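Structure file data.cif with mmCIF, C-alpha atoms:
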```
data_input
loop_
_atom_site.label_atom_id
_atom_site.label_comp_id
_atom_site.auth_asym_id
_atom_site.auth_seq_id
_atom_site.Cartn_x
_atom_site.Cartn_y
_atom_site.Cartn_z
CA MET P 1 0.00 0.00 0.00
CA PRO P 2 1.58 3.33 -1.02
CA ALA P 3 2.25 5.72 1.84
CA ILE P 4 0.28 8.90 1.64
CA ILE P 5 2.19 12.00 2.52
CA LEU P 6 -0.11 14.83 3.26
CA PRO P 7 1.15 18.25 4.24
CA MET P 8 -1.86 18.62 6.44
CA THR P 9 -1.97 18.27 10.18
CA ARG P 10 -4.55 19.08 12.80
CA GLU P 11 -2.66 22.35 13.46
CA ASP P 12 -2.68 23.24 9.75
CA ILE P 13 -6.38 22.78 9.63
CA LEU P 14 -7.07 24.74 12.81
CA LYS P 15 -4.88 27.57 11.54
CA ARG P 16 -6.53 27.60 8.14
CA MET P 17 -9.95 27.62 9.78
CA GLU P 18 -9.10 30.98 11.38
CA ASP P 19 -9.33 32.46 7.95
CA VAL P 20 -11.30 30.27 5.60
CA GLN P 21 -10.67 31.90 2.25
CA SER P 22 -11.98 29.60 -0.38
CA LEU P 23 -15.55 29.47 0.85
CA PRO P 24 -17.93 32.22 -0.15
CA THR P 25 -17.95 35.02 2.41
CA LEU P 26 -20.93 35.42 4.69
CA PRO P 27 -23.49 37.81 3.37
CA PRO P 28 -23.15 41.15 5.25
CA ILE P 29 -26.74 40.73 6.30
CA VAL P 30 -25.69 37.97 8.74
CA SER P 31 -23.83 40.23 11.18
CA LYS P 32 -26.66 42.72 11.08
CA LEU P 33 -29.17 39.98 11.85
CA ASN P 34 -26.95 38.69 14.66
CA GLU P 35 -26.96 42.11 16.29
CA MET P 36 -30.69 42.49 15.89
CA VAL P 37 -31.61 39.09 17.20
CA ASN P 38 -29.90 39.75 20.51
CA ASP P 39 -32.36 42.55 21.01
CA GLN P 40 -35.46 41.07 22.65
CA GLU P 41 -37.64 43.79 21.20
CA VAL P 42 -37.03 42.87 17.58
CA THR P 43 -40.01 41.23 15.96
CA ALA P 44 -40.07 38.63 13.21
CA SER P 45 -41.72 41.19 10.98
CA ARG P 46 -38.86 43.70 11.41
CA LEU P 47 -36.21 41.02 10.90
CA GLY P 48 -38.15 39.73 7.92
CA LYS P 49 -38.32 43.17 6.34
CA ILE P 50 -34.54 43.50 6.50
CA ILE P 51 -34.01 40.13 4.84
CA GLU P 52 -36.64 40.90 2.22
CA LYS P 53 -34.66 43.93 1.03
CA ASP P 54 -32.39 41.37 -0.61
CA GLN P 55 -34.68 39.94 -3.25
CA VAL P 56 -32.36 37.23 -4.50
CA LEU P 57 -31.73 35.95 -0.98
CA THR P 58 -35.45 36.10 -0.25
CA ALA P 59 -36.28 34.03 -3.32
CA LYS P 60 -33.62 31.46 -2.41
CA LEU P 61 -34.81 31.24 1.20
CA LEU P 62 -38.43 30.78 0.20
CA LYS P 63 -37.40 28.06 -2.25
CA MET P 64 -35.47 26.25 0.47
CA VAL P 65 -38.14 26.50 3.18
CA ASN P 66 -40.80 25.24 0.79
CA SER P 67 -38.73 22.35 -0.51
CA SER P 68 -39.64 18.80 0.33
CA PHE P 69 -36.68 18.17 2.61
CA PHE P 70 -38.32 20.40 5.21
CA GLY P 71 -41.70 18.90 4.54
CA PHE P 72 -43.51 21.80 6.17
CA PRO P 73 -47.24 21.14 5.71
CA GLN P 74 -48.22 24.61 4.46
CA ARG P 75 -46.74 26.83 1.80
CA ILE P 76 -44.61 29.61 3.34
CA SER P 77 -44.89 32.77 1.30
CA THR P 78 -43.06 35.51 3.23
CA ILE P 79 -39.85 35.76 5.26
CA PRO P 80 -41.63 36.95 8.44
CA ASN P 81 -43.83 33.84 8.14
CA ALA P 82 -40.77 31.66 7.69
CA LEU P 83 -39.17 33.22 10.77
CA VAL P 84 -42.26 32.59 12.89
CA LEU P 85 -42.93 29.07 11.59
CA LEU P 86 -39.38 27.70 11.34
CA GLY P 87 -37.51 29.90 13.82
CA PHE P 88 -34.57 32.26 13.51
CA ASN P 89 -31.94 29.49 13.81
CA VAL P 90 -33.17 27.75 10.68
CA ILE P 91 -33.40 30.93 8.61
CA LYS P 92 -30.01 32.16 9.79
CA THR P 93 -28.36 28.82 8.95
CA LEU P 94 -29.92 28.88 5.50
CA ILE P 95 -28.67 32.43 4.92
CA VAL P 96 -25.17 31.53 6.12
CA THR P 97 -24.96 28.36 4.06
CA SER P 98 -26.93 29.28 0.92
CA SER P 99 -23.86 30.37 -1.06
CA ILE P 100 -21.90 27.34 0.15
CA PHE P 101 -24.59 25.01 -1.07
CA GLU P 102 -24.57 26.71 -4.42
CA VAL P 103 -20.85 26.05 -4.72
CA MET P 104 -21.31 22.49 -3.53
CA GLN P 105 -24.08 21.80 -6.00
CA ALA P 106 -21.65 22.63 -8.78
CA SER P 107 -18.51 20.98 -7.36
CA ASP P 108 -19.85 17.87 -5.63
CA VAL P 109 -23.43 17.16 -6.56
CA LYS P 110 -23.35 13.74 -4.87
CA LEU P 111 -22.45 15.29 -1.51
CA PHE P 112 -25.14 17.91 -2.11
CA GLU P 113 -27.71 15.15 -2.67
CA HIS P 114 -26.47 13.28 0.38
CA SER P 115 -26.96 16.43 2.47
CA LEU P 116 -30.49 17.07 1.16
CA GLY P 117 -31.39 13.43 1.73
CA CYS P 118 -30.06 13.52 5.27
CA ALA P 119 -32.09 16.69 5.93
CA ALA P 120 -35.23 14.97 4.65
CA ALA P 121 -34.68 11.85 6.76
CA ALA P 122 -33.88 13.91 9.87
CA GLY P 123 -37.11 15.88 9.47
CA ILE P 124 -39.17 12.69 9.11
CA ILE P 125 -37.69 11.10 12.25
CA ALA P 126 -37.77 14.33 14.28
CA ARG P 127 -41.50 14.74 13.55
CA ARG P 128 -42.20 11.15 14.57
CA ARG P 129 -40.24 11.63 17.79
CA GLY P 130 -42.19 14.76 18.68
CA ILE P 131 -39.21 17.11 18.55
CA LYS P 132 -40.43 20.68 19.02
CA ASN P 133 -38.76 22.23 15.97
CA PRO P 134 -38.28 19.43 13.43
CA GLU P 135 -37.11 21.92 10.78
CA GLU P 136 -34.11 22.74 12.97
CA VAL P 137 -33.21 19.04 13.02
CA SER P 138 -33.56 18.97 9.21
CA THR P 139 -31.20 21.92 9.09
CA ALA P 140 -28.68 20.06 11.24
CA GLY P 141 -28.97 17.18 8.75
CA LEU P 142 -28.49 19.56 5.84
CA ILE P 143 -25.18 20.89 7.20
CA HIS P 144 -23.86 17.74 8.94
CA ASP P 145 -21.07 17.26 6.37
CA LEU P 146 -20.01 20.91 6.40
CA GLY P 147 -16.52 19.72 7.38
CA LYS P 148 -16.18 17.82 4.11
CA ILE P 149 -17.12 20.93 2.15
CA VAL P 150 -14.50 22.97 4.03
CA MET P 151 -11.82 20.32 3.41
CA ARG P 152 -12.65 20.10 -0.26
CA ALA P 153 -12.57 23.87 -0.64
CA GLU P 154 -9.51 24.64 1.50
CA PHE P 155 -7.37 21.53 0.88
CA PRO P 156 -8.59 20.25 -2.50
CA GLU P 157 -5.52 18.16 -3.37
CA GLU P 158 -5.24 16.60 0.03
CA TYR P 159 -8.93 15.91 0.16
CA ASP P 160 -8.82 14.16 -3.21
CA ARG P 161 -6.04 12.00 -1.82
CA ILE P 162 -8.10 11.18 1.25
CA LEU P 163 -10.96 10.12 -1.02
CA ALA P 164 -8.58 8.06 -3.15
CA ALA P 165 -7.08 6.36 -0.09
CA ALA P 166 -10.56 5.53 1.21
CA ARG P 167 -11.45 4.02 -2.16
CA GLU P 168 -8.22 2.08 -2.49
CA ARG P 169 -8.28 0.63 1.00
CA ARG P 170 -12.05 0.15 0.98
CA ILE P 171 -12.49 2.05 4.22
CA SER P 172 -14.50 5.15 5.10
CA VAL P 173 -13.41 8.74 4.46
CA ARG P 174 -13.74 9.36 8.19
CA GLU P 175 -11.24 6.60 9.05
CA VAL P 176 -8.68 8.08 6.65
CA GLU P 177 -9.25 11.59 8.04
CA GLU P 178 -8.74 10.43 11.62
CA GLU P 179 -5.66 8.45 10.66
CA ILE P 180 -3.94 11.09 8.59
CA VAL P 181 -5.16 14.41 9.93
CA GLY P 182 -6.11 13.33 13.43
CA MET P 183 -9.35 15.19 12.98
CA GLY P 184 -12.61 14.21 11.36
CA HIS P 185 -14.98 16.24 9.20
CA GLY P 186 -17.43 16.38 12.11
CA GLU P 187 -15.04 18.36 14.26
CA ILE P 188 -14.08 20.63 11.38
CA GLY P 189 -17.71 21.32 10.49
CA GLY P 190 -18.55 21.92 14.15
CA LEU P 191 -15.74 24.45 14.43
CA LEU P 192 -16.94 26.39 11.43
CA ALA P 193 -20.56 26.28 12.60
CA SER P 194 -19.60 27.66 15.99
CA ARG P 195 -17.45 30.35 14.35
CA TRP P 196 -20.60 31.41 12.53
CA ASN P 197 -22.38 31.64 15.89
CA LEU P 198 -24.88 28.97 15.01
CA PRO P 199 -26.64 27.63 18.13
CA GLU P 200 -25.41 24.55 19.99
CA SER P 201 -28.48 22.63 18.82
CA LEU P 202 -26.87 22.77 15.37
CA VAL P 203 -23.16 22.87 16.22
CA LEU P 204 -23.17 19.76 18.43
CA PRO P 205 -25.10 17.46 16.06
CA VAL P 206 -22.75 18.51 13.24
CA ARG P 207 -19.67 17.94 15.35
CA PHE P 208 -20.80 14.62 16.82
CA HIS P 209 -22.86 13.04 14.05
CA HIS P 210 -20.58 9.98 14.16
CA THR P 211 -20.35 9.90 17.98
CA PRO P 212 -23.78 11.26 18.96
CA GLU P 213 -23.56 10.25 22.61
CA ARG P 214 -20.95 12.99 23.07
CA ALA P 215 -23.32 15.74 21.96
CA GLY P 216 -23.98 17.21 25.43
CA ASP P 217 -27.52 18.56 25.75
CA HIS P 218 -28.36 17.70 22.17
CA LYS P 219 -27.85 13.96 22.09
CA LYS P 220 -31.28 13.26 20.68
CA ILE P 221 -30.87 15.63 17.72
CA ALA P 222 -27.37 14.23 17.15
CA ALA P 223 -28.83 10.70 17.29
CA ILE P 224 -31.41 11.62 14.65
CA VAL P 225 -28.77 13.15 12.35
CA HIS P 226 -26.51 10.11 12.95
CA PHE P 227 -29.26 7.69 11.98
CA SER P 228 -30.42 9.83 9.04
CA ASP P 229 -26.89 9.80 7.62
CA ILE P 230 -26.95 5.99 7.87
CA LEU P 231 -30.40 5.72 6.30
CA VAL P 232 -29.62 7.94 3.32
CA ARG P 233 -26.40 6.06 2.66
CA ALA P 234 -28.29 2.79 3.09
CA VAL P 235 -30.75 3.58 0.30
CA GLY P 236 -27.88 4.83 -1.87
CA TYR P 237 -29.00 8.42 -2.38
CA GLY P 238 -26.11 10.77 -3.18
CA SER P 239 -22.69 10.06 -1.72
CA GLY P 240 -20.72 11.18 1.29
CA GLY P 241 -17.44 10.29 -0.42
CA ASP P 242 -17.41 6.53 0.16
CA PRO P 243 -20.08 3.90 -0.43
CA TRP P 244 -20.23 2.38 3.06
CA VAL P 245 -23.08 2.41 5.54
CA PRO P 246 -21.35 3.69 8.70
CA PRO P 247 -21.55 1.81 12.00
CA LEU P 248 -24.60 2.46 14.17
CA ASP P 249 -24.10 3.91 17.64
CA HIS P 250 -26.38 1.80 19.81
CA GLY P 251 -26.62 4.42 22.55
CA ALA P 252 -28.06 6.78 19.95
CA TRP P 253 -30.33 4.05 18.57
CA GLU P 254 -31.82 3.53 22.06
CA ARG P 255 -32.86 7.20 22.07
CA ILE P 256 -34.81 7.06 18.82
CA LYS P 257 -35.41 3.38 18.05
CA PHE P 258 -38.47 2.11 16.22
CA GLY P 259 -40.00 -1.21 15.30
CA LYS P 260 -40.43 -2.88 11.94
CA ARG P 261 -43.72 -1.24 11.01
CA GLU P 262 -42.53 2.28 11.78
CA ALA P 263 -39.24 1.59 9.98
CA GLU P 264 -41.25 0.60 6.88
CA GLU P 265 -43.30 3.80 7.11
CA ILE P 266 -40.17 5.92 7.52
CA LEU P 267 -38.51 4.26 4.50
CA MET P 268 -41.61 4.82 2.34
CA GLU P 269 -41.86 8.45 3.43
CA LEU P 270 -38.17 8.94 2.72
CA GLU P 271 -38.43 7.39 -0.76
CA GLU P 272 -41.21 9.79 -1.59
CA LYS P 273 -39.25 12.83 -0.41
CA LEU P 274 -36.11 11.68 -2.23
CA ALA P 275 -38.07 11.29 -5.47
CA GLU P 276 -39.33 14.87 -5.06
CA LEU P 277 -35.80 16.10 -4.36
CA GLN P 278 -34.51 14.78 -7.69
CA ASN P 279 -35.32 18.07 -9.34
CA PHE P 280 -34.31 20.36 -6.50
CA THR P 281 -31.58 22.93 -6.97
CA VAL P 282 -30.57 25.79 -4.73
CA ASP P 283 -30.39 28.42 -7.45
CA ILE P 284 -33.53 30.22 -8.39
CA SER P 285 -33.26 30.11 -12.16
CA MET W 1 -45.70 0.87 -8.52
CA GLN W 2 -43.21 3.57 -9.47
CA ARG W 3 -42.72 7.12 -8.31
CA ILE W 4 -41.83 9.38 -11.19
CA PRO W 5 -41.09 13.10 -11.52
CA ILE W 6 -44.09 14.55 -13.34
CA LYS W 7 -42.04 15.37 -16.46
CA PHE W 8 -41.79 11.61 -17.08
CA ALA W 9 -45.56 11.10 -16.84
CA ALA W 10 -47.33 10.08 -20.04
CA ALA W 11 -50.89 9.56 -21.20
CA GLY W 12 -52.17 6.07 -20.47
CA MET W 13 -50.34 5.62 -17.16
CA ILE W 14 -52.58 4.84 -14.20
CA LEU W 15 -52.21 6.47 -10.81
CA GLU W 16 -51.40 4.04 -8.02
CA LYS W 17 -51.79 6.80 -5.44
CA GLU W 18 -53.79 10.02 -5.45
CA ALA W 19 -52.12 13.10 -6.97
CA MET W 20 -51.63 15.85 -4.41
CA THR W 21 -50.51 19.48 -4.42
CA PRO W 22 -47.51 20.37 -2.21
CA GLU W 23 -50.12 21.66 0.29
CA GLY W 24 -51.69 18.22 0.48
CA GLN W 25 -54.85 18.94 -1.50
CA VAL W 26 -55.95 15.86 -3.43
CA LEU W 27 -56.43 16.62 -7.13
CA CYS W 28 -57.34 13.19 -8.46
CA GLY W 29 -57.66 9.77 -6.96
CA ALA W 30 -55.89 6.43 -7.29
CA GLY W 31 -56.91 4.54 -10.42
CA THR W 32 -57.16 7.67 -12.58
CA GLU W 33 -55.80 7.20 -16.09
CA LEU W 34 -53.52 10.07 -17.07
CA THR W 35 -54.12 12.14 -20.18
CA ALA W 36 -51.83 14.78 -21.67
CA GLU W 37 -54.28 17.47 -20.58
CA LEU W 38 -54.50 16.15 -17.01
CA ILE W 39 -50.71 15.97 -16.67
CA LEU W 40 -50.46 19.61 -17.75
CA ARG W 41 -53.10 20.63 -15.21
CA LEU W 42 -51.41 18.72 -12.39
CA GLU W 43 -48.09 20.33 -13.27
CA LYS W 44 -49.68 23.78 -13.15
CA GLN W 45 -50.99 23.01 -9.66
CA GLY W 46 -47.45 22.33 -8.48
CA VAL W 47 -47.54 18.50 -8.42
CA ALA W 48 -43.92 17.35 -8.69
CA VAL W 49 -44.11 13.57 -8.36
CA LEU W 50 -46.69 10.94 -9.29
CA THR W 51 -46.98 7.36 -8.13
CA VAL W 52 -48.11 5.18 -11.04
CA GLN W 53 -48.94 1.50 -11.46
CA GLY W 54 -46.30 -0.93 -12.64
CA HIS W 55 -42.87 0.28 -13.66
CA PRO W 56 -43.54 2.13 -16.92
CA VAL W 57 -40.45 4.35 -17.14
CA THR W 58 -36.74 3.73 -16.98
CA LEU W 59 -35.55 6.95 -15.38
CA PRO W 60 -32.17 8.37 -16.43
CA GLY W 61 -29.43 6.60 -14.50
CA GLU W 62 -31.89 4.11 -13.04
CA LYS W 63 -30.45 0.70 -12.32
CA SER W 64 -32.18 -2.65 -12.55
CA LEU W 65 -33.54 -4.27 -9.39
CA PRO W 66 -30.86 -7.02 -9.21
CA GLU W 67 -28.18 -4.38 -9.65
CA ARG W 68 -29.68 -2.22 -6.90
CA LEU W 69 -29.92 -5.19 -4.53
CA LYS W 70 -26.31 -6.11 -5.19
CA GLU W 71 -25.16 -2.59 -4.43
CA LEU W 72 -27.31 -2.56 -1.28
CA ASP W 73 -25.49 -5.68 -0.13
CA SER W 74 -22.13 -4.12 -0.83
CA ARG W 75 -22.93 -0.87 1.01
CA PHE W 76 -23.78 -2.89 4.13
CA SER W 77 -20.74 -5.16 3.86
CA ARG W 78 -18.83 -3.39 6.63
CA VAL W 79 -21.67 -3.50 9.18
CA LYS W 80 -22.83 -7.09 8.66
CA GLY W 81 -22.60 -7.90 12.35
CA ASP W 82 -25.11 -5.25 13.44
CA PRO W 83 -28.60 -6.73 13.94
CA VAL W 84 -30.40 -3.36 13.67
CA LEU W 85 -28.68 -2.48 10.41
CA ARG W 86 -29.27 -5.99 9.08
CA ALA W 87 -32.98 -5.52 9.73
CA ILE W 88 -32.95 -2.11 8.01
CA LYS W 89 -31.22 -3.60 4.99
CA LYS W 90 -33.81 -6.35 4.74
CA LEU W 91 -36.65 -3.82 4.94
CA ILE W 92 -35.11 -1.75 2.12
CA ALA W 93 -34.73 -4.84 -0.07
CA ARG W 94 -38.35 -5.89 0.65
CA MET W 95 -39.63 -2.40 -0.16
CA TRP W 96 -37.85 -2.32 -3.52
CA ILE W 97 -38.95 -5.82 -4.53
CA LEU W 98 -42.52 -5.05 -3.52
CA GLN W 99 -42.52 -1.79 -5.50
CA GLU W 100 -41.09 -3.26 -8.66
CA ARG W 101 -42.26 -6.88 -8.72
CA GLY W 102 -45.30 -6.88 -6.43
CA GLU W 103 -46.51 -8.90 -3.45
CA GLU W 104 -46.39 -12.36 -5.10
CA ALA W 105 -42.78 -12.05 -6.19
CA LEU W 106 -41.84 -10.90 -2.69
CA GLN W 107 -43.62 -13.85 -1.06
CA ALA W 108 -42.03 -16.29 -3.51
CA LEU W 109 -38.56 -14.96 -2.68
CA GLU W 110 -39.30 -15.18 1.04
CA LYS W 111 -40.49 -18.77 0.65
CA GLN W 112 -37.27 -19.66 -1.13
CA GLY W 113 -35.39 -18.13 1.80
CA LYS W 114 -33.75 -15.61 -0.50
CA LEU W 115 -34.49 -12.66 1.75
#
```
What do you get writing this file as structure tokens?
Amino acid sequence: MPAIILPMTREDILKRMEDVQSLPTLPPIVSKLNEMVNDQEVTASRLGKIIEKDQVLTAKLLKMVNSSFFGFPQRISTIPNALVLLGFNVIKTLIVTSSIFEVMQASDVKLFEHSLGCAAAAGIIARRRGIKNPEEVSTAGLIHDLGKIVMRAEFPEEYDRILAAARERRISVREVEEEIVGMGHGEIGGLLASRWNLPESLVLPVRFHHTPERAGDHKKIAAIVHFSDILVRAVGYGSGGDPWVPPLDHGAWERIKFGKREAEEILMELEEKLAELQNFTVDIS
Amino acid sequence: MQRIPIKFAAAGMILEKEAMTPEGQVLCGAGTELTAELILRLEKQGVAVLTVQGHPVTLPGEKSLPERLKELDSRFSRVKGDPVLRAIKKLIARMWILQERGEEALQALEKQGKL
């Protein structure tokens, strides 16, 4: 087996994360929204009006919130409505990540599909488990592989070699990452998400989607994202970089487990959503 | 039964499940035979996917059932020892066989101990 020499260490990655250059910059609107949302007096309608000044962003957001991976039962037609119905965390995450997903759709459509599929599965399970804001769990599913996007964008050559090594040795991308970089895509994605000031309910499930029992106060959401990742890989929708169904964490399974009949219903529901997602793109053309 | 994006729908296909708008409003029931005019109307109402009887379309990139089952097996090859994942895999295989070949084919395979 050829040795892989990668000029990439944990320190390199942490340093590079201080100043991620290759990813699209955050829309200026994000810092403004961050300031406003700390003010208790700000209403959804005022926040919404600010977002709606950006028509392109508004159109993209409305497309996302009405797409089948959220599975919200009614049509959402305005940003203030979206803020009230889905919550600020979801809308903020979509604003922060919308340009990244556009890039990803062009550069790695299989990972894009994997992310959408995981979001759909997470929403289905969260609803069935009575989670208060299932759309937030979908959002966590949508961005769970953020770390892979960062790696691909910031260290493209090295990341290609990681993928090649995973293929050659028939092991998972995560195993190669841990072995060579000493850091998995979960940790990298979690770091970026916390740098963007996303809430812990999103940062922890991203960071610990392969080890969900370490996700502090958000173990259940992490468990749902963990299982959704497995389920979407199981049915073969999109690709997270390698073809393997990852190992199941049984602690996480205990938190969300279901019997045969419910599993059948979940699989049918997921198939339907995935069929609808076939035509979904982030851009608004 | 097969789920198809509406752009692959054609006159003569029969709905296995009712056609619904994204808001959940039922537009026409199971058993309806599609016509060109009806497909156009459903599309205008925002219907994206239809579930039709049989397996009338080979979608772009679609693989045959045996091929899909083989790949399913391969994807699970590193977690063979996990009873929960084994059960999930079996349910996926059953669902696909049922959708494409129907109940009788599924029962026959189960009788032969092939599932």
| query | So what does the PyMOL selection byres ((chain W) within 12 of (chain P)) actually pick up in this one, as an MDAnalysis selection string? | reply | chainID W and resid 2:8 17 21:25 46:51 59:63 68:96 98:99
| query | Counting all atoms listed in the file, which residues come within 10 Å of (-18.5, 10.6, 14.9), with the point read in the file's coordinates, and could you list them as number ranges by chain? | reply | P: 174, 184-187, 205-215, 222, 226, 246-247, 249
| request: Name the residues in contact with Thr32 of chain W at a cut-off of 12 Å, using only C-alpha atoms, excluding same-chain residues fewer than 4 positions from it; report them as number ranges by chain. | output: W: 11-19, 27-28, 38-39, 50-53
| request: Choose the residue, out of W:Glu37, W:Gly54, W:Ala105, W:Gln112, that has the smallest atom-to-atom separation from Met1 of chain W; count only C-alpha atoms. | output: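 Of W:Glu37, W:Gly54, W:Ala105, W:Gln112, the one nearest Met1 of chain W is W:Gly54, counting only C-alpha atoms.
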Taking all listed atoms of segment 202-210 of chain P, build the axis-aligned box, pad each of the six sides by 5 Å, then write its centre and edge lengths in Å to one decimal as JSON.
```
{"center_x": -23.3, "center_y": 16.4, "center_z": 15.8, "size_x": 17.2, "size_y": 22.9, "size_z": 15.2}
```
| message | What would the selection look like, as a ChimeraX atom specification, if the PyMOL selection byres ((chain P and resi 143-158) around 6) were run on the coordinates I just shared? | response | /P:22,140-142,159-161,185-186,188-189,206
Atoms kept (C-alpha atoms) for selection, written as a tab-separated table (two decimals), in the coordinates of the input:
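For reference, again_27.tsv as written:
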```
chain	number	residue	atom	x	y	z
P	22	SER	CA	-11.98	29.60	-0.38
P	140	ALA	CA	-28.68	20.06	11.24
P	141	GLY	CA	-28.97	17.18	8.75
P	142	LEU	CA	-28.49	19.56	5.84
P	159	TYR	CA	-8.93	15.91	0.16
P	160	ASP	CA	-8.82	14.16	-3.21
P	161	ARG	CA	-6.04	12.00	-1.82
P	185	HIS	CA	-14.98	16.24	9.20
P	186	GLY	CA	-17.43	16.38	12.11
P	188	ILE	CA	-14.08	20.63	11.38
P	189	GLY	CA	-17.71	21.32	10.49
P	206	VAL	CA	-22.75	18.51	13.24
```
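Around Ile97 of chain W, within 8 Å and counting all atoms listed in the file, the residues found are Leu65, Gly102, Ala105 and Leu106 of chain W, once anything fewer than 5 positions away on its own chain is removed.
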| Separation of atom CA of Ile76 of chain P from atom CA of Val30 of chain P in Å |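 These two atoms are separated by 21.4 Å.
The closest residue to Ala10 of chain W, picked from W:Gly113, W:Thr58, W:Leu34, W:Val26 and counting only C-alpha atoms, is W:Leu34.
The residues returned by the PyMOL selection byres ((chain P and resi 127) around 12) on the shown structure are Phe70, Gly71, Phe72, Pro73, Ala120, Ala121, Ala122, Gly123, Ile124, Ile125, Ala126, Arg128, Arg129, Gly130, Ile131, Lys132, Asn133, Pro134, Glu135, Glu136, Val137, Ser138, Ile221, Ile224, Ile256, Ile266 and Glu269 of chain P.
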| field | Computed interatomic separation between atom CA of Met36 of chain P and atom CA of Glu200 of chain P (Å) | value | 19.1 Å
| query | When you draw a straight line from atom CA of Glu33 of chain W to atom CA of Val57 of chain W, how long is it in Å? | reply |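 Answer for the atom CA of Glu33 of chain W to atom CA of Val57 of chain W separation: 15.6 Å.
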Would you mind completing segment 1-18 of chain W to N, CA and C atoms and writing the output as a short mmCIF file (atom, residue, chain, number, x, y, z; two decimals), in the frame of the given file?
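File result.cif, as written:
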```cif
data_model
loop_
_atom_site.label_atom_id
_atom_site.label_comp_id
_atom_site.auth_asym_id
_atom_site.auth_seq_id
_atom_site.Cartn_x
_atom_site.Cartn_y
_atom_site.Cartn_z
N MET W 1 -45.48 -0.58 -8.49
CA MET W 1 -45.70 0.87 -8.52
C MET W 1 -44.38 1.61 -8.68
N GLN W 2 -44.44 2.79 -9.27
CA GLN W 2 -43.21 3.57 -9.47
C GLN W 2 -43.51 5.04 -9.20
N ARG W 3 -42.57 5.67 -8.52
CA ARG W 3 -42.72 7.12 -8.31
C ARG W 3 -41.91 7.81 -9.39
N ILE W 4 -42.55 8.71 -10.10
CA ILE W 4 -41.83 9.38 -11.19
C ILE W 4 -42.00 10.90 -11.09
N PRO W 5 -40.93 11.65 -11.39
CA PRO W 5 -41.09 13.10 -11.52
C PRO W 5 -42.12 13.35 -12.62
N ILE W 6 -42.94 14.39 -12.44
CA ILE W 6 -44.09 14.55 -13.34
C ILE W 6 -43.67 14.70 -14.81
N LYS W 7 -42.43 15.20 -15.04
CA LYS W 7 -42.04 15.37 -16.46
C LYS W 7 -41.89 14.03 -17.19
N PHE W 8 -41.87 12.93 -16.45
CA PHE W 8 -41.79 11.61 -17.08
C PHE W 8 -43.18 10.96 -17.23
N ALA W 9 -44.21 11.67 -16.74
CA ALA W 9 -45.56 11.10 -16.84
C ALA W 9 -46.02 11.12 -18.29
N ALA W 10 -46.82 10.12 -18.67
CA ALA W 10 -47.33 10.08 -20.04
C ALA W 10 -48.78 9.60 -20.04
N ALA W 11 -49.50 9.98 -21.08
CA ALA W 11 -50.89 9.56 -21.20
C ALA W 11 -50.96 8.04 -21.18
N GLY W 12 -51.99 7.52 -20.53
CA GLY W 12 -52.17 6.07 -20.47
C GLY W 12 -51.68 5.47 -19.16
N MET W 13 -50.78 6.14 -18.46
CA MET W 13 -50.34 5.62 -17.16
C MET W 13 -51.49 5.75 -16.17
N ILE W 14 -51.49 4.82 -15.19
CA ILE W 14 -52.58 4.84 -14.20
C ILE W 14 -52.02 5.14 -12.82
N LEU W 15 -52.68 6.07 -12.14
CA LEU W 15 -52.21 6.47 -10.81
C LEU W 15 -52.40 5.33 -9.80
N GLU W 16 -51.32 5.03 -9.09
CA GLU W 16 -51.40 4.04 -8.02
C GLU W 16 -51.84 4.74 -6.73
N LYS W 17 -51.41 6.00 -6.61
CA LYS W 17 -51.79 6.80 -5.44
C LYS W 17 -52.38 8.11 -5.93
N GLU W 18 -53.19 8.74 -5.07
CA GLU W 18 -53.79 10.02 -5.45
C GLU W 18 -52.71 11.07 -5.76
#
```
